[in-house]
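J.: Sharing a structure here in structure tokens format.
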Protein chains: 2
Amino acid sequence: MPKAQRMAQMLTVAEEIFAEQGYLATSMDEIAERVGVSKPMLYEYFGSKEGLLIGCIHRARTELREKTAAAIAGAGSPEEFLRLGLLAFFEFIDEHRRSWALLRQEAAVAVPSAQEEVEGIRQQQTDMIGAVLASFTPDIDPLEAEAFAEIVVGATERLAVWMERRPSVGPALATDYVMAVIWPGVSARLTKLPAPARPA
Amino acid sequence: MPKAQRMAQMLTVAEEIFAEQGYLATSMDEIAERVGVSKPMLYEYFGSKEGLLIGCIHRARTELREKTAAAIAGAGSPEEFLRLGLLAFFEFIDEHRRSWALLRQEAAVAVPSAQEEVEGIRQQQTDMIGAVLASFTPDIDPLEAEAFAEIVVGATERLAVWMERRPSVGPALATDYVMAVIWPGVSARLTKLPAPARPA
DNA sequence: CGCAGTAGGTTACTCGAAGTAAGTTACGAG
DNA sequence: CTCGTAACTTACTTCGAGTAACCTACTGCG
């Protein structure tokens, strides 16, 4: 089997087993066995157990970024930006429950560099939100814009975890909840609103 | 040394080393050495490495609950409840930066049951917030109240992590940021507002 | 055809750290 | 002063991450 294909297969299997049993409880031998290959192959391609985990996170991160970017491409107003971005996020989580659990709960604790990867995902999101805020409010205090973005990401992430425990709550409703809480506060800070003309 | 005292000492040392190096990179031998005792003593009192970690989390959780409960005791309005609760939380984090990092970043991934303990802390917070919301809006949809509480907790937690990277941001400013984003949205849902009479 | 180089793979180890069995010391009560 | 127990230790076993060394089959080329 060619290398790229084998690596993708390894990531898929590892993601599944990590999500099932947790990072610590999973042995490299087990992953190797389920892939149908011997342990040194995993080390050949990923260097270490941590490297394998990071590979999983990295792949999910790329996918999430692509989906979100595509979703917000057609947005006009800041409200639409936020709403479409949130919806894309919740839909992604909904489709990848297991890997999401892995990313959010397993990776962060186990390994410092995996933690950095997960932080990278958040950074990617806060950057996007911060950019939206700044584009509609050029004179906003940068520190405040950053804080707002962090708050939105934190709220969203937490609600995604909660959504998993509530089968009746889907991506659309989750988006509504987040928007209901944060939009009044966020919009109050936007000076350059889209539809109405800017007052000063 | 009596058992209770020794256990407390072990927790203190373990918390410190876990926070310094991460859960995985810390060996029981190292903790034992720094406590000035042999490894089997740790196992005698905490059963396992995981048990020791959970002990750390549990102690922090108790302390956090006590501080928060004390802080919101004198609150009159829902806004004051939230504000005082948030402030108490950020102050707690500010005083326990290292153990906070441990709880948030290390514990969750490494060990399933540690994760449950951390979720217990969040549960404790969402319950408190949910109760405040419900007490001021008895007719609120319970699911919505839960979602709101999760959002507030998520936003707060995330901002606490961010606060660590921003030395210029203290508990007071962090509280202001969170309130600025969430309060307009939350208050819009409260039917029984404190100062003005309820319209219908 | 035959053979060289390499991609893809394996077996069989080392080593470090979690967890344990069995034994030792200190000390207060009868 | 000796019995019982709480607090503690040394010396293991076991398991899993990571590695060294070796193998195999295919592809291109004289």
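Each chain in the structure tokens gets a letter, A, B and so on, in the order shown; residues start at 1 in every chain, and ligands are counted from 1 in the order they appear.
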Using only C-alpha atoms (C1' of nucleotides), determine which residues of chain D fall within 10 Å of chain B; present them as a PyMOL selection string.
T.: chain D and resi 6-10
J.: What are the residues of chain B that have an atom within 12 Å of an atom of chain C, counting only C-alpha atoms (C1' of nucleotides), as a PDB file with all heavy atoms, in the first residue's frame?
T.:
ATOM      1  N   MET B   1       4.149  11.132  60.517  1.00  0.00           N
ATOM      2  CA  MET B   1       3.130  12.148  60.187  1.00  0.00           C
ATOM      3  C   MET B   1       1.744  11.508  60.036  1.00  0.00           C
ATOM      4  O   MET B   1       1.631  10.482  59.377  1.00  0.00           O
ATOM      5  CB  MET B   1       3.532  12.834  58.864  1.00  0.00           C
ATOM      6  CG  MET B   1       2.646  14.026  58.537  1.00  0.00           C
ATOM      7  SD  MET B   1       3.149  14.833  57.006  1.00  0.00           S
ATOM      8  CE  MET B   1       4.792  15.403  57.456  1.00  0.00           C
ATOM      9  N   LEU B  24       1.311  13.218  32.162  1.00  0.00           N
ATOM     10  CA  LEU B  24       2.021  12.080  31.576  1.00  0.00           C
ATOM     11  C   LEU B  24       3.507  12.077  31.901  1.00  0.00           C
ATOM     12  O   LEU B  24       4.085  11.041  32.172  1.00  0.00           O
ATOM     13  CB  LEU B  24       1.854  12.085  30.063  1.00  0.00           C
ATOM     14  CG  LEU B  24       0.594  11.432  29.533  1.00  0.00           C
ATOM     15  CD1 LEU B  24       0.584  11.472  28.021  1.00  0.00           C
ATOM     16  CD2 LEU B  24       0.529   9.992  30.014  1.00  0.00           C
ATOM     17  N   ALA B  25       4.093  13.248  31.852  1.00  0.00           N
ATOM     18  CA  ALA B  25       5.545  13.335  32.023  1.00  0.00           C
ATOM     19  C   ALA B  25       5.959  13.207  33.486  1.00  0.00           C
ATOM     20  O   ALA B  25       7.142  13.155  33.794  1.00  0.00           O
ATOM     21  CB  ALA B  25       6.056  14.650  31.444  1.00  0.00           C
ATOM     22  N   THR B  26       5.006  13.150  34.373  1.00  0.00           N
ATOM     23  CA  THR B  26       5.331  13.040  35.792  1.00  0.00           C
ATOM     24  C   THR B  26       5.289  11.582  36.241  1.00  0.00           C
ATOM     25  O   THR B  26       4.339  10.876  35.944  1.00  0.00           O
ATOM     26  CB  THR B  26       4.308  13.845  36.613  1.00  0.00           C
ATOM     27  OG1 THR B  26       4.317  15.199  36.171  1.00  0.00           O
ATOM     28  CG2 THR B  26       4.654  13.789  38.088  1.00  0.00           C
ATOM     29  N   SER B  27       6.337  11.162  36.941  1.00  0.00           N
ATOM     30  CA  SER B  27       6.329   9.792  37.454  1.00  0.00           C
ATOM     31  C   SER B  27       5.999   9.804  38.946  1.00  0.00           C
ATOM     32  O   SER B  27       6.271  10.765  39.654  1.00  0.00           O
ATOM     33  CB  SER B  27       7.688   9.135  37.233  1.00  0.00           C
ATOM     34  OG  SER B  27       8.630   9.643  38.146  1.00  0.00           O
ATOM     35  N   MET B  28       5.430   8.717  39.374  1.00  0.00           N
ATOM     36  CA  MET B  28       5.074   8.583  40.781  1.00  0.00           C
ATOM     37  C   MET B  28       6.321   8.614  41.665  1.00  0.00           C
ATOM     38  O   MET B  28       6.288   9.100  42.791  1.00  0.00           O
ATOM     39  CB  MET B  28       4.298   7.277  40.996  1.00  0.00           C
ATOM     40  CG  MET B  28       2.927   7.268  40.346  1.00  0.00           C
ATOM     41  SD  MET B  28       1.788   8.482  41.041  1.00  0.00           S
ATOM     42  CE  MET B  28       0.978   7.514  42.323  1.00  0.00           C
ATOM     43  N   ASP B  29       7.399   8.076  41.156  1.00  0.00           N
ATOM     44  CA  ASP B  29       8.656   8.104  41.901  1.00  0.00           C
ATOM     45  C   ASP B  29       9.085   9.540  42.189  1.00  0.00           C
ATOM     46  O   ASP B  29       9.551   9.859  43.272  1.00  0.00           O
ATOM     47  CB  ASP B  29       9.751   7.394  41.091  1.00  0.00           C
ATOM     48  CG  ASP B  29       9.620   5.877  41.139  1.00  0.00           C
ATOM     49  OD1 ASP B  29       9.694   5.336  42.250  1.00  0.00           O
ATOM     50  OD2 ASP B  29       9.416   5.255  40.090  1.00  0.00           O
ATOM     51  N   GLU B  30       8.898  10.374  41.188  1.00  0.00           N
ATOM     52  CA  GLU B  30       9.295  11.765  41.356  1.00  0.00           C
ATOM     53  C   GLU B  30       8.450  12.457  42.426  1.00  0.00           C
ATOM     54  O   GLU B  30       8.970  13.187  43.269  1.00  0.00           O
ATOM     55  CB  GLU B  30       9.140  12.483  40.016  1.00  0.00           C
ATOM     56  CG  GLU B  30       9.699  13.886  40.042  1.00  0.00           C
ATOM     57  CD  GLU B  30       9.566  14.576  38.694  1.00  0.00           C
ATOM     58  OE1 GLU B  30       9.179  13.908  37.716  1.00  0.00           O
ATOM     59  OE2 GLU B  30       9.850  15.790  38.638  1.00  0.00           O
ATOM     60  N   LYS B  39       7.224   5.450  47.128  1.00  0.00           N
ATOM     61  CA  LYS B  39       6.101   5.337  46.205  1.00  0.00           C
ATOM     62  C   LYS B  39       4.890   4.580  46.752  1.00  0.00           C
ATOM     63  O   LYS B  39       3.753   5.039  46.565  1.00  0.00           O
ATOM     64  CB  LYS B  39       6.598   4.705  44.903  1.00  0.00           C
ATOM     65  CG  LYS B  39       5.624   4.790  43.773  1.00  0.00           C
ATOM     66  CD  LYS B  39       6.265   4.425  42.437  1.00  0.00           C
ATOM     67  CE  LYS B  39       6.876   3.044  42.444  1.00  0.00           C
ATOM     68  NZ  LYS B  39       7.127   2.541  41.069  1.00  0.00           N
ATOM     69  N   PRO B  40       5.086   3.444  47.381  1.00  0.00           N
ATOM     70  CA  PRO B  40       3.899   2.713  47.860  1.00  0.00           C
ATOM     71  C   PRO B  40       3.014   3.517  48.807  1.00  0.00           C
ATOM     72  O   PRO B  40       1.817   3.216  48.919  1.00  0.00           O
ATOM     73  CB  PRO B  40       4.504   1.495  48.567  1.00  0.00           C
ATOM     74  CG  PRO B  40       5.775   1.260  47.857  1.00  0.00           C
ATOM     75  CD  PRO B  40       6.307   2.642  47.544  1.00  0.00           C
ATOM     76  N   MET B  41       3.552   4.526  49.424  1.00  0.00           N
ATOM     77  CA  MET B  41       2.705   5.370  50.279  1.00  0.00           C
ATOM     78  C   MET B  41       1.650   6.112  49.445  1.00  0.00           C
ATOM     79  O   MET B  41       0.502   6.259  49.852  1.00  0.00           O
ATOM     80  CB  MET B  41       3.561   6.385  51.042  1.00  0.00           C
ATOM     81  CG  MET B  41       4.376   5.780  52.154  1.00  0.00           C
ATOM     82  SD  MET B  41       3.369   4.809  53.289  1.00  0.00           S
ATOM     83  CE  MET B  41       2.294   6.069  53.970  1.00  0.00           C
ATOM     84  N   LEU B  42       2.088   6.561  48.287  1.00  0.00           N
ATOM     85  CA  LEU B  42       1.138   7.227  47.392  1.00  0.00           C
ATOM     86  C   LEU B  42       0.017   6.257  47.012  1.00  0.00           C
ATOM     87  O   LEU B  42      -1.165   6.633  46.987  1.00  0.00           O
ATOM     88  CB  LEU B  42       1.852   7.703  46.126  1.00  0.00           C
ATOM     89  CG  LEU B  42       2.888   8.819  46.311  1.00  0.00           C
ATOM     90  CD1 LEU B  42       3.632   9.079  44.999  1.00  0.00           C
ATOM     91  CD2 LEU B  42       2.214  10.097  46.787  1.00  0.00           C
ATOM     92  N   TYR B  43       0.413   5.021  46.737  1.00  0.00           N
ATOM     93  CA  TYR B  43      -0.586   4.019  46.341  1.00  0.00           C
ATOM     94  C   TYR B  43      -1.461   3.636  47.535  1.00  0.00           C
ATOM     95  O   TYR B  43      -2.655   3.386  47.389  1.00  0.00           O
ATOM     96  CB  TYR B  43       0.104   2.801  45.728  1.00  0.00           C
ATOM     97  CG  TYR B  43       0.554   3.087  44.325  1.00  0.00           C
ATOM     98  CD1 TYR B  43       1.835   3.580  44.066  1.00  0.00           C
ATOM     99  CD2 TYR B  43      -0.315   2.934  43.257  1.00  0.00           C
ATOM    100  CE1 TYR B  43       2.231   3.876  42.769  1.00  0.00           C
ATOM    101  CE2 TYR B  43       0.071   3.235  41.957  1.00  0.00           C
ATOM    102  CZ  TYR B  43       1.349   3.704  41.724  1.00  0.00           C
ATOM    103  OH  TYR B  43       1.738   4.019  40.454  1.00  0.00           O
ATOM    104  N   GLU B  44      -0.867   3.624  48.694  1.00  0.00           N
ATOM    105  CA  GLU B  44      -1.637   3.351  49.909  1.00  0.00           C
ATOM    106  C   GLU B  44      -2.778   4.367  50.069  1.00  0.00           C
ATOM    107  O   GLU B  44      -3.908   4.012  50.360  1.00  0.00           O
ATOM    108  CB  GLU B  44      -0.693   3.430  51.129  1.00  0.00           C
ATOM    109  CG  GLU B  44      -1.379   3.340  52.471  1.00  0.00           C
ATOM    110  CD  GLU B  44      -1.867   1.930  52.768  1.00  0.00           C
ATOM    111  OE1 GLU B  44      -1.341   0.989  52.145  1.00  0.00           O
ATOM    112  OE2 GLU B  44      -2.776   1.792  53.602  1.00  0.00           O
ATOM    113  N   GLY B  47      -4.363   5.011  45.737  1.00  0.00           N
ATOM    114  CA  GLY B  47      -4.725   3.871  44.902  1.00  0.00           C
ATOM    115  C   GLY B  47      -4.012   3.794  43.566  1.00  0.00           C
ATOM    116  O   GLY B  47      -3.601   2.727  43.132  1.00  0.00           O
ATOM    117  N   SER B  48      -3.882   4.923  42.889  1.00  0.00           N
ATOM    118  CA  SER B  48      -3.255   4.924  41.574  1.00  0.00           C
ATOM    119  C   SER B  48      -2.837   6.347  41.216  1.00  0.00           C
ATOM    120  O   SER B  48      -3.195   7.304  41.909  1.00  0.00           O
ATOM    121  CB  SER B  48      -4.229   4.403  40.517  1.00  0.00           C
ATOM    122  OG  SER B  48      -5.313   5.293  40.401  1.00  0.00           O
ATOM    123  N   LYS B  49      -2.116   6.460  40.142  1.00  0.00           N
ATOM    124  CA  LYS B  49      -1.719   7.774  39.653  1.00  0.00           C
ATOM    125  C   LYS B  49      -2.967   8.593  39.315  1.00  0.00           C
ATOM    126  O   LYS B  49      -3.062   9.780  39.630  1.00  0.00           O
ATOM    127  CB  LYS B  49      -0.846   7.592  38.407  1.00  0.00           C
ATOM    128  CG  LYS B  49      -0.179   8.858  37.922  1.00  0.00           C
ATOM    129  CD  LYS B  49       0.656   8.574  36.683  1.00  0.00           C
ATOM    130  CE  LYS B  49       1.331   9.835  36.175  1.00  0.00           C
ATOM    131  NZ  LYS B  49       2.072   9.590  34.913  1.00  0.00           N
ATOM    132  N   GLU B  50      -3.886   7.933  38.692  1.00  0.00           N
ATOM    133  CA  GLU B  50      -5.154   8.570  38.358  1.00  0.00           C
ATOM    134  C   GLU B  50      -5.890   9.040  39.621  1.00  0.00           C
ATOM    135  O   GLU B  50      -6.444  10.139  39.660  1.00  0.00           O
ATOM    136  CB  GLU B  50      -6.015   7.561  37.586  1.00  0.00           C
ATOM    137  CG  GLU B  50      -7.308   8.109  37.093  1.00  0.00           C
ATOM    138  CD  GLU B  50      -8.022   7.076  36.216  1.00  0.00           C
ATOM    139  OE1 GLU B  50      -7.350   6.289  35.531  1.00  0.00           O
ATOM    140  OE2 GLU B  50      -9.270   7.066  36.226  1.00  0.00           O
TER     141      GLU B  50
END
J.: Skip Pro171 in chain A itself and residues of its chain fewer than 6 positions away, then list as number ranges by chain all residues within 9 Å of it, counting only C-alpha atoms (C1' of nucleotides).
T.: A: 86-94, 160, 163
J.: Using CA of Leu84 in chain B and CA of Val152 in chain A as the two end points, give the distance in Å to one decimal.
T.: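 Between these atoms lies a distance of 20.9 Å.
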J.: For each of A:Glu157, A:Glu16, A:Glu80, A:Glu116, take the minimum atom-to-atom distance to chain B, counting only C-alpha atoms, then give the residue where this is smallest.
T.: A:Glu157
J.: Restricting the calculation to only C-alpha atoms: of A:Ile121, A:Leu159, A:Ala172, A:Leu143, which residue gets closest to chain B?
T.: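 Smallest distance to chain B is found for A:Leu159.
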J.: Near Arg83 in chain A, within 9 Å and counting only C-alpha atoms (C1' of nucleotides), which residues show up once chain neighbours fewer than 5 positions away are dropped, as a list in words?
T.: Ile72, Pro78, Ala88, Thr175, Asp176, Val178 and Met179 of chain A
J.: Please report the interatomic distance between CA of Leu190 in chain B and CA of Thr137 in chain B in Å with one decimal.
T.: 5.3 Å
J.: Tell me, counting only C-alpha atoms, for each residue of range 19-129 of chain A within 9 Å of range 4-12 of chain A, which pair of atoms is nearest and how far apart they are in Å to one decimal, in rows ordered by chain and increasing number, as JSON lines.
T.:
{"residue": "A:Ile31", "atom": "CA", "partner": "A:Met10", "partner_atom": "CA", "distance": 7.8}
{"residue": "A:Ala32", "atom": "CA", "partner": "A:Met10", "partner_atom": "CA", "distance": 8.1}
{"residue": "A:Val35", "atom": "CA", "partner": "A:Met10", "partner_atom": "CA", "distance": 6.3}
{"residue": "A:Leu42", "atom": "CA", "partner": "A:Met10", "partner_atom": "CA", "distance": 7.7}
{"residue": "A:Tyr45", "atom": "CA", "partner": "A:Met7", "partner_atom": "CA", "distance": 7.0}
{"residue": "A:Phe46", "atom": "CA", "partner": "A:Met7", "partner_atom": "CA", "distance": 8.5}
{"residue": "A:Leu52", "atom": "CA", "partner": "A:Leu11", "partner_atom": "CA", "distance": 7.2}
{"residue": "A:Leu53", "atom": "CA", "partner": "A:Leu11", "partner_atom": "CA", "distance": 8.2}
{"residue": "A:Gly55", "atom": "CA", "partner": "A:Leu11", "partner_atom": "CA", "distance": 6.9}
{"residue": "A:Cys56", "atom": "CA", "partner": "A:Leu11", "partner_atom": "CA", "distance": 5.6}
{"residue": "A:Arg59", "atom": "CA", "partner": "A:Leu11", "partner_atom": "CA", "distance": 8.5}
J.: Choose the residue, out of A:Gln125, A:Ser77, A:Thr156, A:Ser135, that has the smallest atom-to-atom separation from chain B; count only C-alpha atoms.
T.: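 Ranked by minimum distance to chain B, first place goes to A:Thr156.
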J.: Would you list the contacts of Ala73 in chain B as a list in words, taking every protein, DNA or RNA residue within 10 Å and counting only C-alpha atoms (C1' of nucleotides), but skipping same-chain residues closer than 5 positions in sequence?
T.: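 The residues that qualify are Thr68, Phe81, Leu84 and Gly85 of chain B.
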J.: When DSSP is applied to the backbone of this structure, which of range 21-111 of chain A are assigned alpha helix (DSSP H)? Write them out as a ChimeraX atom specification.
T.: /A:21,28-35,39-46,49-72,78-95,97-101,108-110
J.: For chain A, which of B:Arg189, B:Lys67, B:Arg158, B:Arg165 is the closest residue, counting only C-alpha atoms?
T.: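 Ranked by minimum distance to chain A, first place goes to B:Arg158.
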J.: So the first atom is CA of Glu20 in chain A and the second is CA of Trp100 in chain A; what is the distance between them in Å, to one decimal place?
T.: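 These atoms are spaced 11.6 Å apart.
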